[in-house]
>>> print(open('protein_37.cif').read())   # mmCIF, C-alpha atoms
data_work
#
loop_
_atom_site.label_atom_id
_atom_site.label_comp_id
_atom_site.auth_asym_id
_atom_site.auth_seq_id
_atom_site.Cartn_x
_atom_site.Cartn_y
_atom_site.Cartn_z
CA MET A 1 -37.12 30.99 -4.15
CA LEU A 2 -35.02 28.07 -2.98
CA PRO A 3 -35.95 25.71 -5.86
CA ILE A 4 -35.01 28.45 -8.34
CA ALA A 5 -31.66 28.89 -6.66
CA LEU A 6 -31.16 25.11 -6.71
CA ASP A 7 -31.96 25.02 -10.43
CA ILE A 8 -29.47 27.78 -11.15
CA LEU A 9 -26.83 25.91 -9.16
CA ALA A 10 -27.68 22.66 -10.93
CA GLN A 11 -27.32 24.33 -14.31
CA ALA A 12 -24.00 25.85 -13.35
CA ASN A 13 -23.07 22.30 -12.43
CA ALA A 14 -24.40 20.80 -15.65
CA PRO A 15 -22.57 17.70 -16.90
CA ALA A 16 -21.18 19.51 -19.94
CA ALA A 17 -19.45 21.97 -17.68
CA GLN A 18 -17.56 19.42 -15.63
CA PRO A 19 -15.25 19.63 -13.87
CA ALA A 20 -16.45 23.10 -13.00
CA GLY A 21 -14.99 24.43 -16.20
CA SER A 22 -17.71 26.86 -17.08
CA LEU A 23 -17.60 30.57 -16.56
CA ALA A 24 -20.62 30.41 -14.29
CA GLY A 25 -19.05 27.65 -12.19
CA ALA A 26 -15.83 29.61 -11.79
CA ALA A 27 -17.69 32.82 -10.99
CA LEU A 28 -19.78 31.04 -8.37
CA PHE A 29 -16.67 29.46 -6.85
CA TYR A 30 -14.90 32.81 -6.56
CA ALA A 31 -18.02 34.49 -5.18
CA PHE A 32 -18.47 31.84 -2.49
CA ALA A 33 -14.74 31.76 -1.77
CA LEU A 34 -14.47 35.53 -1.26
CA PHE A 35 -17.62 35.45 0.85
CA CYS A 36 -16.26 32.65 3.06
CA VAL A 37 -12.80 34.14 3.46
CA GLY A 38 -14.21 37.58 4.25
CA ALA A 39 -16.56 36.14 6.84
CA ALA A 40 -13.83 33.92 8.35
CA LEU A 41 -11.46 36.89 8.68
CA THR A 42 -14.28 38.90 10.27
CA VAL A 43 -14.62 36.08 12.82
CA ALA A 44 -10.88 36.30 13.50
CA PHE A 45 -10.66 40.09 13.88
CA SER A 46 -14.02 41.20 15.19
CA LYS A 47 -14.01 42.38 18.79
CA ASN A 48 -17.70 41.85 19.36
CA ILE A 49 -18.69 38.25 20.11
CA VAL A 50 -22.17 38.69 18.64
CA ARG A 51 -20.72 40.09 15.42
CA MET A 52 -18.36 37.10 15.38
CA ALA A 53 -21.31 34.74 15.62
CA VAL A 54 -23.06 36.47 12.71
CA ALA A 55 -19.89 36.37 10.60
CA LEU A 56 -19.47 32.68 11.43
CA MET A 57 -23.01 32.11 10.19
CA PHE A 58 -22.15 33.79 6.88
CA ALA A 59 -19.01 31.68 6.55
CA LEU A 60 -20.97 28.48 7.18
CA VAL A 61 -23.62 29.45 4.61
CA GLY A 62 -20.90 30.20 2.06
CA ILE A 63 -19.33 26.79 2.72
CA ALA A 64 -22.75 25.22 2.11
CA GLY A 65 -22.73 26.96 -1.29
CA LEU A 66 -19.33 25.43 -2.03
CA TYR A 67 -20.77 21.99 -1.24
CA PHE A 68 -23.42 22.62 -3.89
CA LEU A 69 -20.67 23.33 -6.40
CA LEU A 70 -19.00 20.05 -5.42
CA ASN A 71 -22.17 18.03 -6.14
CA ALA A 72 -22.72 17.40 -2.43
CA GLU A 73 -26.29 18.61 -2.14
CA PHE A 74 -27.20 16.57 0.91
CA LEU A 75 -24.09 17.73 2.71
CA ALA A 76 -25.00 21.35 1.90
CA ALA A 77 -28.44 20.82 3.40
CA VAL A 78 -26.91 19.16 6.48
CA GLN A 79 -24.49 22.07 6.80
CA LEU A 80 -27.33 24.59 6.72
CA VAL A 81 -29.59 22.68 9.10
CA ILE A 82 -27.10 21.41 11.69
CA TYR A 83 -24.45 24.11 11.65
CA THR A 84 -26.31 27.32 10.99
CA GLY A 85 -29.55 26.05 12.49
CA GLY A 86 -28.26 24.12 15.46
CA THR A 87 -24.66 24.63 16.48
CA LEU A 88 -24.67 28.37 15.89
CA ILE A 89 -27.92 28.89 17.81
CA LEU A 90 -26.33 26.88 20.64
CA MET A 91 -23.32 29.22 20.57
CA ILE A 92 -25.49 32.32 20.57
CA PHE A 93 -27.30 30.92 23.59
CA GLY A 94 -23.90 30.39 25.18
CA VAL A 95 -22.94 33.98 24.43
CA MET A 96 -26.15 35.32 25.89
CA LEU A 97 -25.88 33.16 29.01
CA THR A 98 -22.26 34.04 29.73
CA SER A 99 -21.88 37.72 28.84
CA ARG A 100 -22.97 39.80 31.75
CA LYS A 101 -21.15 43.02 30.98
CA ALA A 102 -19.92 44.47 27.75
CA VAL A 103 -17.74 41.80 26.19
CA SER A 104 -14.95 44.14 25.17
CA ARG A 105 -12.54 43.01 27.88
CA PHE A 106 -11.37 39.91 26.01
CA GLN A 107 -8.69 41.73 24.04
CA PRO A 108 -5.25 40.33 23.27
CA LYS A 109 -2.24 42.61 23.65
CA ARG A 110 -0.71 44.32 20.62
CA GLY A 111 2.31 42.02 20.63
CA GLU A 112 0.09 38.97 20.79
CA TYR A 113 -1.82 40.32 17.78
CA VAL A 114 1.37 40.69 15.73
CA LEU A 115 2.62 37.26 16.77
CA ALA A 116 -0.71 35.59 16.03
CA ILE A 117 -1.02 37.17 12.58
CA LEU A 118 2.60 36.23 11.85
CA ILE A 119 1.97 32.61 12.84
CA ALA A 120 -1.24 32.45 10.80
CA ALA A 121 0.44 34.02 7.75
CA VAL A 122 3.38 31.60 7.92
CA LEU A 123 0.92 28.73 8.31
CA LEU A 124 -1.11 29.86 5.31
CA GLY A 125 2.00 30.42 3.19
CA THR A 126 3.42 27.01 4.04
CA LEU A 127 0.11 25.28 3.35
CA THR A 128 -0.34 27.06 0.02
CA LEU A 129 3.20 26.22 -1.02
CA ALA A 130 2.74 22.58 -0.04
CA ILE A 131 -0.62 22.36 -1.81
CA THR A 132 0.61 23.90 -5.06
CA ARG A 133 3.70 21.70 -5.07
CA TRP A 134 1.70 18.58 -4.32
CA THR A 135 -1.01 19.28 -6.88
CA SER A 136 1.48 20.12 -9.62
CA ALA A 137 3.27 16.84 -8.87
CA ASN A 138 -0.02 14.90 -8.69
CA PRO A 139 -2.46 16.45 -11.15
CA SER A 140 -6.06 15.44 -10.65
CA PRO A 141 -7.34 13.09 -13.31
CA VAL A 142 -9.89 14.87 -15.44
CA VAL A 143 -12.89 12.76 -14.73
CA ALA A 144 -15.62 12.63 -17.30
CA GLN A 145 -18.61 13.05 -15.07
CA THR A 146 -21.70 12.44 -17.07
CA GLU A 147 -25.29 12.29 -15.96
CA HIS A 148 -25.18 13.66 -12.47
CA ASP A 149 -28.63 13.85 -10.93
CA PRO A 150 -28.39 16.59 -8.30
CA TYR A 151 -31.38 15.28 -6.41
CA ALA A 152 -30.32 11.64 -6.13
CA LEU A 153 -29.69 10.88 -2.50
CA SER A 154 -30.17 7.14 -2.65
CA ASN A 155 -26.46 6.44 -3.03
CA LEU A 156 -25.62 8.40 0.10
CA GLY A 157 -28.42 6.74 2.04
CA GLN A 158 -27.37 3.29 0.91
CA ALA A 159 -23.77 3.99 1.87
CA LEU A 160 -24.78 5.27 5.31
CA LEU A 161 -26.99 2.29 6.03
CA GLY A 162 -24.71 -0.18 4.25
CA ASP A 163 -20.95 0.14 4.41
CA TYR A 164 -21.03 2.77 7.14
CA LEU A 165 -23.79 1.30 9.30
CA ILE A 166 -21.65 0.79 12.41
CA PRO A 167 -20.22 4.34 12.45
CA PHE A 168 -23.75 5.62 11.79
CA GLU A 169 -25.10 3.78 14.83
CA LEU A 170 -22.11 4.79 16.93
CA ALA A 171 -22.84 8.41 16.03
CA SER A 172 -26.32 8.05 17.50
CA VAL A 173 -24.86 6.53 20.67
CA LEU A 174 -22.38 9.43 20.80
CA LEU A 175 -25.17 11.98 20.46
CA LEU A 176 -27.18 10.34 23.24
CA THR A 177 -24.13 10.27 25.51
CA VAL A 178 -23.35 13.89 24.72
CA MET A 179 -26.92 14.96 25.37
CA ILE A 180 -26.96 13.31 28.79
CA GLY A 181 -23.46 14.52 29.61
CA ALA A 182 -24.13 18.10 28.55
CA ALA A 183 -27.36 18.23 30.53
CA TYR A 184 -25.51 16.85 33.56
CA LEU A 185 -22.62 19.32 33.22
CA ALA A 186 -24.80 22.37 32.65
CA ARG A 187 -27.32 21.63 35.40
CA GLY A 188 -28.08 24.36 37.85
CA ARG A 189 -25.80 24.60 40.83
CA ARG A 190 -27.01 22.31 43.57
CA GLU A 191 -27.92 24.06 46.78
CA THR A 192 -25.79 22.44 49.45
CA SER A 193 -26.82 23.18 52.97
CA MET B 11 -7.61 30.53 -13.95
CA LEU B 12 -11.20 29.97 -14.98
CA THR B 13 -11.10 26.23 -14.54
CA ILE B 14 -11.62 25.50 -10.89
CA THR B 15 -9.33 22.69 -9.80
CA LEU B 16 -8.58 20.86 -6.60
CA THR B 17 -5.85 23.42 -5.86
CA HIS B 18 -8.39 26.23 -5.68
CA TYR B 19 -10.44 24.37 -3.10
CA LEU B 20 -7.38 23.32 -1.09
CA VAL B 21 -6.05 26.88 -0.94
CA LEU B 22 -9.48 28.18 0.05
CA ALA B 23 -9.70 25.55 2.80
CA ALA B 24 -6.18 26.46 3.95
CA THR B 25 -7.21 30.12 4.17
CA ILE B 26 -10.26 29.28 6.26
CA PHE B 27 -8.09 26.98 8.40
CA ALA B 28 -5.60 29.82 8.97
CA ALA B 29 -8.45 32.19 9.87
CA GLY B 30 -9.69 29.60 12.36
CA VAL B 31 -6.26 29.22 13.92
CA LEU B 32 -6.00 33.02 14.08
CA THR B 33 -9.35 33.13 15.86
CA ILE B 34 -8.18 30.53 18.37
CA MET B 35 -5.01 32.50 19.04
CA LEU B 36 -6.60 35.95 19.28
CA LYS B 37 -9.66 35.33 21.45
CA ARG B 38 -9.77 35.11 25.19
CA ASN B 39 -13.50 34.48 25.24
CA ALA B 40 -13.96 30.70 25.40
CA ILE B 41 -16.94 30.79 23.03
CA GLY B 42 -14.88 32.78 20.52
CA ILE B 43 -12.25 30.01 20.64
CA LEU B 44 -14.99 27.46 20.01
CA MET B 45 -15.98 29.44 16.90
CA GLY B 46 -12.39 29.21 15.68
CA VAL B 47 -12.50 25.44 16.18
CA GLU B 48 -15.66 25.31 14.06
CA LEU B 49 -13.87 27.19 11.26
CA VAL B 50 -10.98 24.69 11.39
CA LEU B 51 -13.39 21.74 11.21
CA ASN B 52 -15.19 23.31 8.26
CA ALA B 53 -11.90 23.76 6.43
CA ALA B 54 -11.26 20.04 6.93
CA ASN B 55 -14.72 19.27 5.58
CA ILE B 56 -14.11 21.32 2.43
CA ASN B 57 -10.92 19.34 1.87
CA LEU B 58 -12.73 16.02 2.26
CA VAL B 59 -15.52 16.91 -0.14
CA ALA B 60 -13.14 18.46 -2.69
CA PHE B 61 -10.85 15.40 -2.66
CA ASN B 62 -13.91 13.20 -3.05
CA TYR B 63 -15.08 15.25 -6.04
CA PHE B 64 -11.79 15.68 -7.86
CA GLN B 65 -9.83 12.54 -7.02
CA HIS B 66 -12.27 9.72 -6.30
CA PRO B 67 -15.68 10.51 -7.70
CA GLY B 68 -16.29 6.93 -8.82
CA THR B 69 -18.45 6.33 -11.81
CA PRO B 70 -21.80 8.04 -12.46
CA ALA B 71 -23.57 4.71 -11.96
CA GLN B 72 -21.71 4.00 -8.74
CA PRO B 73 -20.42 7.22 -7.21
CA LEU B 74 -17.94 7.00 -4.36
CA LEU B 75 -19.13 9.17 -1.50
CA THR B 76 -16.51 8.43 1.15
CA GLY B 77 -15.47 12.06 1.54
CA GLN B 78 -19.03 13.27 1.90
CA ILE B 79 -19.81 10.59 4.47
CA PHE B 80 -16.75 11.51 6.50
CA ALA B 81 -17.82 15.16 6.32
CA ILE B 82 -21.26 14.21 7.66
CA PHE B 83 -19.66 12.37 10.59
CA ILE B 84 -17.42 15.37 11.28
CA ILE B 85 -20.48 17.63 11.38
CA VAL B 86 -22.14 15.27 13.87
CA ILE B 87 -19.04 15.19 16.04
CA ALA B 88 -18.66 18.98 15.83
CA ALA B 89 -22.23 19.40 17.06
CA ALA B 90 -21.54 17.03 19.96
CA GLU B 91 -18.29 18.85 20.76
CA ALA B 92 -20.03 22.23 20.76
CA ALA B 93 -22.71 20.94 23.14
CA VAL B 94 -20.20 19.52 25.62
CA ALA B 95 -17.89 22.54 25.39
CA LEU B 96 -20.74 24.98 25.98
CA ALA B 97 -21.90 22.92 28.96
CA ILE B 98 -18.37 23.12 30.39
CA PHE B 99 -18.25 26.90 29.74
CA LEU B 100 -21.61 27.38 31.46
CA ASN B 101 -20.34 25.43 34.44
CA PHE B 102 -17.17 27.53 34.45
CA TYR B 103 -19.26 30.68 34.24
CA ASN B 104 -21.36 29.52 37.17
CA ASN B 105 -18.24 29.19 39.28
CA PHE B 106 -16.14 32.15 38.11
CA ALA B 107 -18.71 34.55 36.55
CA THR B 108 -16.54 34.86 33.42
CA VAL B 109 -15.62 32.85 30.32
CA ASP B 110 -12.14 34.37 30.04
CA VAL B 111 -9.79 31.48 29.26
CA GLU B 112 -6.95 33.17 31.16
CA ARG B 113 -8.94 32.53 34.31
CA ALA B 114 -9.09 28.81 33.54
CA THR B 115 -5.74 28.41 35.29
CA GLU B 116 -7.69 28.50 38.55
CA MET B 117 -9.81 25.51 37.60
CA ARG B 118 -7.81 22.79 39.35
CA GLY B 119 -9.28 20.59 42.02
#
>>> encode(input="protein_37.cif", output="structure tokens")
Amino acid sequence: MLPIALDILAQANAPAAQPAGSLAGAALFYAFALFCVGAALTVAFSKNIVRMAVALMFALVGIAGLYFLLNAEFLAAVQLVIYTGGTLILMIFGVMLTSRKAVSRFQPKRGEYVLAILIAAVLLGTLTLAITRWTSANPSPVVAQTEHDPYALSNLGQALLGDYLIPFELASVLLLTVMIGAAYLARGRRETS
Amino acid sequence: MLTITLTHYLVLAATIFAAGVLTIMLKRNAIGILMGVELVLNAANINLVAFNYFQHPGTPAQPLLTGQIFAIFIIVIAAAEAAVALAIFLNFYNNFATVDVERATEMRG
């Protein structure tokens, strides 16, 4: 199932169709985009924390699909494994460990709702305006991308263990520190006599 | 309209960013706020990968992957942040029996 899906994505991403000029590429982009935006808005407006977690999962999976369209196959796999497989499970554990009663008490007031939506809409409008102005002033060069092998990971691996070796090692130190720190913070309450 | 450009990806990322900010503003549950933060970080990642793809792809023989590598580091840091934040929330829950952020004003000392 998955290899077939990967093949379809690779064909939609075929060199002749670059940069994403084909009908299939555009249709896939709009499908993933609508999916992501719908899921992200569900996260924002859902009142149930479990439903929010499920919607967040859908948004993350849709973003992984977008990474496929951008020729970032490894990143898409990382997104699926770490985000939807790891971080989200962690959050669902957090939800289960911290919700004792029905979780419907965390409601903002009506005025706060209106203010928040207003702020978000102004933010989105400003960003869109800035983006369209900037991109019309600085059009992307149309890059002739030939011969893209969707399964070639060696370049990414060589970059991670070459130019970016020190950040790569620092990330492992960070993860170790975080693991110890999180275990220390979340330890059971010590019984003090 | 049918040619997907950098603008399409940037506007999509801006929309997800705005939804994340909206989530942060609307939720009082600390874990809900963390979910909003994840949406914001993902919007940033889309921007990085899209800029990498449209502006600096390099050559086919020697592709430039800076944006993708930064996105990978952001994912790692987001995972670390989620772990630490959830540990803090669990600790808070142990002390206050709630994860309502309005109660966090009592957390001094």
>>> residues_around(input="protein_37.cif", residues="stretch 81-97 of chain A", least_positions_apart="3", cutoff="9 Å", atoms="all atoms listed in the file", output="ChimeraX atom specification")
/A:49-50,53-54,56-58,60-61,76-78,100 /B:41,44-45,85-86,88-90,92-93,96-97,99-100,103
>>> residues_around(input="protein_37.cif", residues="stretch 20-37 of chain B", least_positions_apart="5", cutoff="7 Å", atoms="only C-alpha atoms", output="PyMOL selection string")
(chain A and resi 33+37+40-41+43-44+106-108+113+116-117+120+123-124+127-128+131) or (chain B and resi 42-43+46-47+49-50+53+56-57)
>>> atom_distance(input="protein_37.cif", atom1="atom CA of A:Leu175", atom2="atom CA of A:Asn71")
27.4 Å
>>> closest_residue(input="protein_37.cif", among="B:Asn104, B:Asn52, B:Tyr63, B:Gly77", to="A:Ala159", atoms="all atoms listed in the file")
B:Gly77
>>> resolve_selection(input="protein_37.cif", expression="the PyMOL selection byres ((chain B and resi 78) around 8)", output="short mmCIF file (atom, residue, chain, number, x, y, z; two decimals) with C-alpha atoms, in the coordinates of the input")
data_model
loop_
_atom_site.label_atom_id
_atom_site.label_comp_id
_atom_site.auth_asym_id
_atom_site.auth_seq_id
_atom_site.Cartn_x
_atom_site.Cartn_y
_atom_site.Cartn_z
CA ALA A 72 -22.72 17.40 -2.43
CA LEU A 75 -24.09 17.73 2.71
CA LEU B 58 -12.73 16.02 2.26
CA VAL B 59 -15.52 16.91 -0.14
CA ASN B 62 -13.91 13.20 -3.05
CA LEU B 75 -19.13 9.17 -1.50
CA THR B 76 -16.51 8.43 1.15
CA GLY B 77 -15.47 12.06 1.54
CA ILE B 79 -19.81 10.59 4.47
CA PHE B 80 -16.75 11.51 6.50
CA ALA B 81 -17.82 15.16 6.32
CA ILE B 82 -21.26 14.21 7.66
#
>>> closest_residue(input="protein_37.cif", among="A:Leu23, A:Glu169, A:Ala130, A:Ala55", to="chain B", atoms="all atoms listed in the file")
A:Leu23
>>> atom_distance(input="protein_37.cif", atom1="atom CA of A:Leu129", atom2="atom CA of B:Thr15")
15.7 Å
>>> atom_distance(input="protein_37.cif", atom1="atom CA of B:Ile14", atom2="atom CA of B:His66")
16.4 Å
